[in-house]
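**Q** What follows is a single structure, and I will ask about it in a moment.
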Number of protein chains: 2
Amino acid sequence: MASNHTLSVDLGDRSYPIYIGSGLIHQPELLTSHIRGHSALIVTNTTVAPLYLNAIENSLNSAGIRYNSIKLDDGEQYKTIESVMAIIEILLTERHDRQTTLIALGGGVVGDIAGFTASIYQRGVHFIQVPTTLLSQVDSSVGGKTGVNHPLGKNMIGAFYQPQCVIADTSTLSTLPDRELSAGLAEVIKYGLIYDASFFSWLEQNISGLMQKDNSLLAEAILVSCQTKAEIVQQDERESGIRAILNLGHTFGHAIETTMGYGNWLHGEAVATGMVMACDLSLRQGWIDDSVRQRCISLLKKCSLPVSPPPDMGIDQYMDAMAIDKKTVNGTIKFILLEALGKAIVTSDYDPELLVQTLSEC
Amino acid sequence: MASNHTLSVDLGDRSYPIYIGSGLIHQPELLTSHIRGHSALIVTNTTVAPLYLNAIENSLNSAGIRYNSIKLDDGEQYKTIESVMAIIEILLTERHDRQTTLIALGGGVVGDIAGFTASIYQRGVHFIQVPTTLLSQVDSSVGGKTGVNHPLGKNMIGAFYQPQCVIADTSTLSTLPDRELSAGLAEVIKYGLIYDASFFSWLEQNISGLMQKDNSLLAEAILVSCQTKAEIVQQDERESGIRAILNLGHTFGHAIETTMGYGNWLHGEAVATGMVMACDLSLRQGWIDDSVRQRCISLLKKCSLPVSPPPDMGIDQYMDAMAIDKKTVNGTIKFILLEALGKAIVTSDYDPELLVQTLSEC
């Protein structure tokens, strides 16, 4: 049995707890103690609803909380303003007032949409995250980034908005498809690369257990990932500085996602390839040696993650997509690169010719 | 010549100045000193653009700031998520990054749309308000409420988001239609009713000069209105308590606006009638005497404002519209009522039968 952990994300009056462990969605009071009003709306999708909606409904029923639910279509391509408006339509039709709580039950897409909707409905109502994928448990559950995509760019519409609590139940990962488990591990590996070389080594040692969904190893990996992210976010909630290192691999990755069309590459897959490209550029800059890049590639491969970009993507496509990335300021693209295993930097001080080499040769 | 005033709205790291005076839009540095990046987007409408867009463009040109502009259709019926998406489309197409600044040039509708768009574009960029109507100079320029309407309710989608500065140029009121001047005076009168009996008396004495657009009287009225609103907002930025008194007349007024269709009644006109209804209910409760109601009606009439609701609106229509008002919590409608001239309270402790009398007899 996996041990249970509670981690506190310390952001002043926006602080909140993250509960990590097995079977937590069957503990009603974890959820209901964070609901202040008498109503709630569960936002989930058509894949997750048949598996876990009932557990959430039982919790709400036990506390006499009136609720509605909405099942979105499953996939990044539905992370749109239209989904937000569909949720708002239900909130208004069902007369949810400012005291209502939105409950995000699902992966990162559901969490991003529900959190953003909570931030703008009646200028802000409460929300609770119940992430059911590894990616959302280790990434979107910490930091308050919410939002939706625009056809011209990923996450271009959104808000910084913190949940009341996060309930990360590792037992929900038992139903997670292997491809999505791998995508989540890409972000777990990221924390090792940018911040914690010893965690990276721990991952190298335990990767086969993690791939076999060992509950206790997963809980440990989620805890360290969330702790690392919380430590970084607490220093820089609105990403004016260090927080940007959490985007290792994301500038390249977003370009791949945007160019290939949302939903064809999973976010974690694009990030995995993007991290290899970031290692490649760091190596060409002479900042890391090749062993770091090799260890990164080897670990990602053990997770069945892609380590090369789509062969048909040209340099122009990268440059176009990266030019509207949020990390681009006054036309200069900032990258997150490595100075060492476990140490990332945000920089626009790279050789553009080496960038072209990375884009053409990776 | 009107004297110039600078008022500081004190909200910690979200504090900002309000500049009030004649000819301010022809002082480029007022605007450009609050722009941090190298780009800006001017959001205005087809009515205001021919009058004042040039002045803003001249200011931006003088500082070498790259800009685009978007001219929305004029009217409350365009305060929609579609207008927000049209602005975001331009921001992305024209490659505006996180350092860009949105400049709202126009009335409250333009300010609300531009401010909300700024709050969600790339999770938040800067914005500056250049209000050109009396209503927006005394109301939306202070307090950071931004947002758009939904067909099922006014201002149901939005955010609390503060501007970098507000430039309230009283000379722009020279082109304001009389009907809109009156609508603005409704909100000015509100500050007297809820918070400042001596300001109410000052308005009674100076109403004809204000109606004739005396620049110095207008500047004085705007200053006192903004000071009053700032004093209230500083106590309660996110409206968990006292701030709600700023909504005197708004619950009735929103019901009229929603039922009659956005754009048929001006916001200030609906608020004027709503304030009379709030006085009526306060009187029926025995909290004020009839002289307060009479003085309110008399002053509003001198501003050519409506003091009775549309004759064809039934009680059911009020109750339906008010049930989804943001001030409704757990099904109970909260009203802002008067205990005296200059003293408002937020209460759900009223006699429902007296409410019905107000709705049917006003």
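Ordered as shown in the structure tokens, chains take letters A, B, and onward, while each chain numbers its residues from 1 and ligands are numbered from 1 in the order shown.
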Any idea what's packed within 10 Å of stretch 19-25 of chain A, counting only C-alpha atoms, ignoring anything in its chain fewer than 3 positions away? Could you give it as a PyMOL selection string?

**A** chain A and resi 1-8+16+28-31+52-56+58-59+130+137+165-173+215-216+218-220+222-223+226

**Q** Take chain A, superimpose it onto chain B by least squares using every C-alpha atom paired in sequence order, and output the result as a short mmCIF file (atom, residue, chain, number, x, y, z; two decimals) with C-alpha atoms, in the first residue's frame.

**A**
data_model
loop_
_atom_site.label_atom_id
_atom_site.label_comp_id
_atom_site.auth_asym_id
_atom_site.auth_seq_id
_atom_site.Cartn_x
_atom_site.Cartn_y
_atom_site.Cartn_z
CA MET A 1 -10.00 76.29 -17.20
CA ALA A 2 -10.46 73.20 -15.08
CA SER A 3 -7.77 72.44 -12.56
CA ASN A 4 -5.92 69.14 -12.89
CA HIS A 5 -5.98 66.50 -10.17
CA THR A 6 -4.03 63.29 -9.58
CA LEU A 7 -5.63 60.71 -7.34
CA SER A 8 -3.82 57.57 -6.19
CA VAL A 9 -5.76 54.34 -5.80
CA ASP A 10 -3.89 52.50 -3.08
CA LEU A 11 -4.01 48.72 -3.58
CA GLY A 12 -0.53 47.60 -2.57
CA ASP A 13 1.46 46.36 -5.58
CA ARG A 14 -1.61 46.98 -7.74
CA SER A 15 -1.80 50.72 -6.93
CA TYR A 16 -2.23 53.18 -9.77
CA PRO A 17 -2.83 56.89 -10.44
CA ILE A 18 -5.94 58.53 -11.90
CA TYR A 19 -5.25 61.76 -13.77
CA ILE A 20 -8.26 64.09 -13.98
CA GLY A 21 -8.32 67.31 -16.00
CA SER A 22 -8.87 69.06 -19.28
CA GLY A 23 -6.69 68.30 -22.32
CA LEU A 24 -4.81 65.37 -20.77
CA ILE A 25 -4.93 63.16 -23.88
CA HIS A 26 -2.69 65.71 -25.57
CA GLN A 27 0.05 65.16 -22.97
CA PRO A 28 1.89 62.14 -24.46
CA GLU A 29 4.10 61.39 -21.46
CA LEU A 30 1.10 60.74 -19.18
CA LEU A 31 0.32 57.75 -21.39
CA THR A 32 3.73 56.59 -22.53
CA SER A 33 5.38 56.69 -19.11
CA HIS A 34 3.08 53.81 -18.12
CA ILE A 35 3.99 51.60 -21.09
CA ARG A 36 6.87 49.22 -20.31
CA GLY A 37 7.26 47.32 -23.63
CA HIS A 38 7.63 48.42 -27.23
CA SER A 39 4.10 47.63 -28.41
CA ALA A 40 0.51 48.54 -27.64
CA LEU A 41 -2.98 47.83 -28.88
CA ILE A 42 -5.60 50.58 -28.77
CA VAL A 43 -9.10 49.22 -28.19
CA THR A 44 -11.78 51.74 -29.11
CA ASN A 45 -15.11 51.90 -30.91
CA THR A 46 -16.46 53.35 -34.14
CA THR A 47 -17.93 56.40 -32.35
CA VAL A 48 -14.86 57.43 -30.37
CA ALA A 49 -12.16 56.57 -32.94
CA PRO A 50 -12.87 59.52 -35.29
CA LEU A 51 -12.73 61.91 -32.32
CA TYR A 52 -9.75 60.84 -30.20
CA LEU A 53 -7.83 57.94 -31.74
CA ASN A 54 -5.48 60.37 -33.43
CA ALA A 55 -4.39 61.92 -30.15
CA ILE A 56 -3.47 58.51 -28.72
CA GLU A 57 -1.65 57.53 -31.92
CA ASN A 58 0.35 60.75 -31.79
CA SER A 59 1.42 59.98 -28.24
CA LEU A 60 2.56 56.47 -29.16
CA ASN A 61 4.36 57.71 -32.27
CA SER A 62 6.20 60.31 -30.21
CA ALA A 63 7.66 57.54 -28.06
CA GLY A 64 8.37 55.13 -30.93
CA ILE A 65 5.91 52.54 -29.66
CA ARG A 66 4.62 50.10 -32.30
CA TYR A 67 0.83 49.86 -32.14
CA ASN A 68 -2.30 48.45 -33.69
CA SER A 69 -5.87 49.47 -33.09
CA ILE A 70 -9.25 47.79 -33.16
CA LYS A 71 -12.56 49.61 -33.50
CA LEU A 72 -15.42 47.68 -31.94
CA ASP A 73 -19.05 48.39 -32.74
CA ASP A 74 -20.50 50.83 -30.22
CA GLY A 75 -22.90 49.57 -27.57
CA GLU A 76 -23.50 47.33 -24.56
CA GLN A 77 -24.76 44.59 -26.91
CA TYR A 78 -21.18 44.16 -28.15
CA LYS A 79 -19.80 43.57 -24.65
CA THR A 80 -19.42 39.89 -25.46
CA ILE A 81 -16.86 37.13 -25.49
CA GLU A 82 -16.84 37.46 -29.29
CA SER A 83 -15.41 40.98 -28.99
CA VAL A 84 -12.75 39.64 -26.62
CA MET A 85 -11.80 36.93 -29.10
CA ALA A 86 -11.60 39.49 -31.93
CA ILE A 87 -9.07 41.49 -29.89
CA ILE A 88 -7.04 38.37 -29.06
CA GLU A 89 -6.98 37.44 -32.74
CA ILE A 90 -5.32 40.77 -33.56
CA LEU A 91 -2.88 40.50 -30.64
CA LEU A 92 -1.74 37.09 -31.88
CA THR A 93 -1.71 37.93 -35.57
CA GLU A 94 0.29 41.09 -34.90
CA ARG A 95 2.60 39.19 -32.54
CA HIS A 96 1.99 41.15 -29.36
CA ASP A 97 3.97 39.52 -26.56
CA ARG A 98 3.53 39.53 -22.78
CA GLN A 99 5.08 43.00 -22.55
CA THR A 100 2.36 44.61 -24.66
CA THR A 101 -0.11 47.14 -23.25
CA LEU A 102 -3.80 47.42 -24.09
CA ILE A 103 -5.16 50.97 -24.15
CA ALA A 104 -8.91 51.29 -23.62
CA LEU A 105 -10.13 54.44 -25.37
CA GLY A 106 -13.87 54.91 -24.91
CA GLY A 107 -16.66 54.38 -22.42
CA GLY A 108 -17.33 51.69 -19.86
CA VAL A 109 -18.03 49.01 -22.44
CA VAL A 110 -14.67 49.49 -24.13
CA GLY A 111 -12.92 49.62 -20.75
CA ASP A 112 -14.61 46.46 -19.48
CA ILE A 113 -13.82 44.50 -22.65
CA ALA A 114 -10.24 45.73 -22.99
CA GLY A 115 -9.48 45.25 -19.29
CA PHE A 116 -10.83 41.72 -19.29
CA THR A 117 -8.93 40.87 -22.47
CA ALA A 118 -5.74 42.24 -20.88
CA SER A 119 -6.36 40.04 -17.83
CA ILE A 120 -6.54 36.81 -19.86
CA TYR A 121 -4.18 37.42 -22.81
CA GLN A 122 -1.09 35.32 -22.10
CA ARG A 123 -2.40 35.15 -18.50
CA GLY A 124 -2.25 38.92 -18.08
CA VAL A 125 -0.72 41.95 -19.80
CA HIS A 126 -0.80 45.62 -18.82
CA PHE A 127 -3.64 47.97 -19.64
CA ILE A 128 -4.39 51.67 -19.45
CA GLN A 129 -7.82 53.30 -19.29
CA VAL A 130 -8.59 56.45 -21.24
CA PRO A 131 -12.30 56.86 -20.39
CA THR A 132 -14.18 59.29 -22.62
CA THR A 133 -17.62 59.20 -21.00
CA LEU A 134 -18.66 60.58 -17.63
CA LEU A 135 -19.93 57.15 -16.58
CA SER A 136 -16.61 55.45 -17.22
CA GLN A 137 -14.63 58.31 -15.67
CA VAL A 138 -16.51 58.08 -12.37
CA ASP A 139 -17.22 54.35 -12.26
CA SER A 140 -15.22 51.79 -14.20
CA SER A 141 -11.97 53.77 -13.90
CA VAL A 142 -11.75 52.78 -10.22
CA GLY A 143 -11.97 49.29 -8.81
CA GLY A 144 -10.67 46.91 -11.45
CA LYS A 145 -13.93 45.24 -12.35
CA THR A 146 -13.65 44.03 -15.93
CA GLY A 147 -15.74 41.63 -17.93
CA VAL A 148 -18.35 40.91 -20.55
CA ASN A 149 -22.01 39.94 -20.59
CA HIS A 150 -23.57 36.55 -21.23
CA PRO A 151 -27.02 36.30 -22.84
CA LEU A 152 -28.23 34.95 -19.48
CA GLY A 153 -26.74 37.67 -17.29
CA LYS A 154 -24.79 40.89 -17.20
CA ASN A 155 -21.07 40.86 -16.30
CA MET A 156 -21.18 37.13 -15.63
CA ILE A 157 -17.76 36.61 -17.22
CA GLY A 158 -14.88 38.70 -15.93
CA ALA A 159 -11.96 39.35 -13.63
CA PHE A 160 -10.73 41.79 -11.02
CA TYR A 161 -7.83 43.42 -12.83
CA GLN A 162 -6.27 46.83 -12.18
CA PRO A 163 -4.98 49.22 -14.87
CA GLN A 164 -1.53 50.84 -14.88
CA CYS A 165 -3.18 54.26 -14.87
CA VAL A 166 -6.38 56.09 -15.77
CA ILE A 167 -6.40 59.27 -17.87
CA ALA A 168 -9.77 61.00 -17.40
CA ASP A 169 -9.76 63.96 -19.77
CA THR A 170 -12.80 66.14 -19.05
CA SER A 171 -12.49 67.87 -22.43
CA THR A 172 -13.54 64.61 -24.12
CA LEU A 173 -16.96 65.10 -22.52
CA SER A 174 -17.60 68.02 -24.88
CA THR A 175 -18.55 65.49 -27.56
CA LEU A 176 -20.60 63.29 -25.23
CA PRO A 177 -24.31 63.07 -26.16
CA ASP A 178 -26.62 64.60 -23.52
CA ARG A 179 -28.27 61.25 -22.85
CA GLU A 180 -24.89 59.73 -21.93
CA LEU A 181 -23.93 62.70 -19.77
CA SER A 182 -27.14 62.10 -17.82
CA ALA A 183 -26.39 58.40 -17.52
CA GLY A 184 -23.02 59.28 -16.01
CA LEU A 185 -24.61 61.71 -13.55
CA ALA A 186 -26.75 58.83 -12.25
CA GLU A 187 -23.59 57.16 -10.93
CA VAL A 188 -22.28 60.48 -9.58
CA ILE A 189 -25.52 60.94 -7.65
CA LYS A 190 -25.16 57.37 -6.37
CA TYR A 191 -21.98 58.33 -4.46
CA GLY A 192 -23.92 61.04 -2.67
CA LEU A 193 -26.75 58.68 -1.79
CA ILE A 194 -24.61 55.84 -0.45
CA TYR A 195 -21.72 57.64 1.23
CA ASP A 196 -21.74 61.41 1.30
CA ALA A 197 -24.82 63.51 2.06
CA SER A 198 -22.92 66.78 1.70
CA PHE A 199 -21.79 65.80 -1.83
CA PHE A 200 -25.45 65.08 -2.58
CA SER A 201 -26.31 68.62 -1.48
CA TRP A 202 -23.44 70.01 -3.58
CA LEU A 203 -24.90 68.16 -6.58
CA GLU A 204 -28.36 69.61 -5.91
CA GLN A 205 -26.80 73.10 -5.96
CA ASN A 206 -24.65 72.58 -9.05
CA ILE A 207 -26.73 70.29 -11.21
CA SER A 208 -27.53 72.85 -13.89
CA GLY A 209 -23.85 73.73 -14.34
CA LEU A 210 -22.98 70.07 -14.58
CA MET A 211 -25.71 69.50 -17.16
CA GLN A 212 -24.18 72.38 -19.15
CA LYS A 213 -20.80 70.59 -19.02
CA ASP A 214 -18.98 73.19 -16.96
CA ASN A 215 -15.47 71.73 -17.10
CA SER A 216 -14.42 72.72 -13.64
CA LEU A 217 -17.62 71.46 -12.00
CA LEU A 218 -17.27 68.20 -13.92
CA ALA A 219 -13.66 67.78 -12.77
CA GLU A 220 -14.77 68.36 -9.19
CA ALA A 221 -17.62 65.83 -9.47
CA ILE A 222 -15.30 63.25 -11.06
CA LEU A 223 -12.66 63.76 -8.39
CA VAL A 224 -15.09 63.32 -5.48
CA SER A 225 -16.70 60.31 -7.18
CA CYS A 226 -13.36 58.60 -7.78
CA GLN A 227 -12.15 59.43 -4.27
CA THR A 228 -15.29 57.94 -2.78
CA LYS A 229 -15.07 54.81 -4.88
CA ALA A 230 -11.34 54.42 -4.18
CA GLU A 231 -11.97 54.78 -0.45
CA ILE A 232 -14.53 51.98 -0.57
CA VAL A 233 -12.56 49.69 -2.91
CA GLN A 234 -9.37 50.04 -0.85
CA GLN A 235 -11.28 48.55 2.08
CA ASP A 236 -12.62 45.60 0.09
CA GLU A 237 -11.02 45.04 -3.32
CA ARG A 238 -12.79 41.78 -4.14
CA GLU A 239 -16.24 42.72 -2.83
CA SER A 240 -16.60 40.42 0.12
CA GLY A 241 -18.29 43.17 2.16
CA ILE A 242 -18.72 46.94 2.05
CA ARG A 243 -17.81 47.28 -1.63
CA ALA A 244 -21.25 45.92 -2.52
CA ILE A 245 -22.85 49.27 -1.54
CA LEU A 246 -21.49 50.62 -4.83
CA ASN A 247 -24.22 48.53 -6.43
CA LEU A 248 -27.08 50.70 -5.13
CA GLY A 249 -29.84 50.46 -7.74
CA HIS A 250 -27.90 47.89 -9.75
CA THR A 251 -29.88 44.76 -8.84
CA PHE A 252 -33.11 46.36 -10.03
CA GLY A 253 -31.21 48.10 -12.85
CA HIS A 254 -29.56 44.93 -14.18
CA ALA A 255 -32.96 43.23 -14.20
CA ILE A 256 -34.29 46.06 -16.37
CA GLU A 257 -31.27 45.95 -18.68
CA THR A 258 -31.38 42.16 -19.06
CA THR A 259 -35.13 42.03 -19.62
CA MET A 260 -35.26 44.96 -22.04
CA GLY A 261 -32.27 43.70 -24.01
CA TYR A 262 -28.79 45.15 -23.70
CA GLY A 263 -28.45 48.55 -25.29
CA ASN A 264 -32.07 49.71 -25.12
CA TRP A 265 -31.76 51.24 -21.68
CA LEU A 266 -28.40 52.84 -20.96
CA HIS A 267 -26.75 51.41 -17.86
CA GLY A 268 -26.97 54.74 -16.02
CA GLU A 269 -30.65 55.08 -16.89
CA ALA A 270 -31.40 51.63 -15.50
CA VAL A 271 -29.37 52.46 -12.38
CA ALA A 272 -31.27 55.74 -11.92
CA THR A 273 -34.59 53.92 -11.93
CA GLY A 274 -33.09 51.18 -9.76
CA MET A 275 -32.01 53.77 -7.17
CA VAL A 276 -35.54 55.13 -7.00
CA MET A 277 -36.78 51.57 -6.44
CA ALA A 278 -34.16 51.04 -3.72
CA CYS A 279 -35.33 54.29 -2.06
CA ASP A 280 -38.91 53.05 -2.37
CA LEU A 281 -38.12 49.72 -0.67
CA SER A 282 -36.07 51.49 2.01
CA LEU A 283 -39.02 53.78 2.67
CA ARG A 284 -41.49 50.88 2.88
CA GLN A 285 -39.12 49.22 5.37
CA GLY A 286 -39.37 52.42 7.42
CA TRP A 287 -35.63 53.09 7.23
CA ILE A 288 -35.76 56.47 5.49
CA ASP A 289 -38.47 59.08 5.28
CA ASP A 290 -40.12 60.19 2.10
CA SER A 291 -38.07 63.37 1.77
CA VAL A 292 -34.98 61.31 0.86
CA ARG A 293 -36.88 59.49 -1.88
CA GLN A 294 -38.31 62.81 -3.13
CA ARG A 295 -34.89 64.52 -3.21
CA CYS A 296 -33.48 61.54 -5.14
CA ILE A 297 -36.31 61.61 -7.68
CA SER A 298 -36.10 65.38 -8.05
CA LEU A 299 -32.33 65.40 -8.68
CA LEU A 300 -32.55 62.52 -11.17
CA LYS A 301 -35.35 64.31 -13.00
CA LYS A 302 -33.21 67.43 -13.29
CA CYS A 303 -30.72 65.19 -15.10
CA SER A 304 -33.46 64.04 -17.49
CA LEU A 305 -33.11 60.51 -16.11
CA PRO A 306 -35.99 57.99 -15.96
CA VAL A 307 -37.37 57.44 -12.46
CA SER A 308 -39.89 54.68 -13.25
CA PRO A 309 -39.25 51.21 -14.69
CA PRO A 310 -40.64 50.12 -18.07
CA PRO A 311 -44.42 49.77 -17.62
CA ASP A 312 -44.57 46.35 -19.27
CA MET A 313 -42.13 44.61 -16.89
CA GLY A 314 -43.82 42.06 -14.62
CA ILE A 315 -42.79 40.82 -11.17
CA ASP A 316 -41.81 37.42 -12.59
CA GLN A 317 -39.41 39.06 -14.99
CA TYR A 318 -37.72 40.92 -12.14
CA MET A 319 -37.50 37.81 -9.97
CA ASP A 320 -36.07 35.69 -12.81
CA ALA A 321 -33.44 38.24 -13.74
CA MET A 322 -32.52 39.03 -10.13
CA ALA A 323 -32.16 35.33 -9.23
CA ILE A 324 -29.00 35.09 -11.31
CA ASP A 325 -27.57 38.40 -10.15
CA LYS A 326 -24.06 38.00 -8.71
CA LYS A 327 -25.30 39.36 -5.38
CA THR A 328 -27.66 36.40 -5.03
CA VAL A 329 -26.27 33.79 -2.60
CA ASN A 330 -27.99 30.46 -1.94
CA GLY A 331 -31.16 31.74 -3.57
CA THR A 332 -31.48 34.86 -1.37
CA ILE A 333 -31.31 38.16 -3.21
CA LYS A 334 -29.23 40.76 -1.41
CA PHE A 335 -30.20 44.39 -1.88
CA ILE A 336 -28.37 47.63 -1.29
CA LEU A 337 -30.76 49.85 0.62
CA LEU A 338 -30.53 53.18 2.41
CA GLU A 339 -30.63 53.74 6.16
CA ALA A 340 -30.26 57.47 5.63
CA LEU A 341 -29.15 59.89 2.94
CA GLY A 342 -25.42 59.14 2.60
CA LYS A 343 -25.59 55.72 4.32
CA ALA A 344 -26.19 52.47 2.43
CA ILE A 345 -26.29 48.92 3.72
CA VAL A 346 -26.12 45.48 2.08
CA THR A 347 -28.94 43.36 3.37
CA SER A 348 -31.04 40.29 2.76
CA ASP A 349 -33.11 41.26 5.82
CA TYR A 350 -36.09 42.87 4.10
CA ASP A 351 -39.77 41.94 3.98
CA PRO A 352 -40.42 40.01 0.71
CA GLU A 353 -43.96 41.41 0.60
CA LEU A 354 -42.62 44.95 0.62
CA LEU A 355 -40.30 43.97 -2.23
CA VAL A 356 -43.33 42.79 -4.21
CA GLN A 357 -45.04 46.13 -3.48
CA THR A 358 -41.99 48.02 -4.75
CA LEU A 359 -41.88 45.92 -7.92
CA SER A 360 -45.58 46.29 -8.62
CA GLU A 361 -46.14 49.92 -7.62
CA CYS A 362 -42.99 51.72 -8.75
#

**Q** To test your reading of the structure, identify every residue in stretch 117-301 of chain A that backbone DSSP assigns to helix (DSSP H, G or I), and report it as a count of residues only.

**A** 118

**Q** Can you list, as a PyMOL selection string, every residue of stretch 3-251 of chain B that DSSP puts in strand (DSSP E)?

**A** chain B and resi 5-9+16-21+39-45+66-72+101-106+126-131+145-150+153-160+166-169
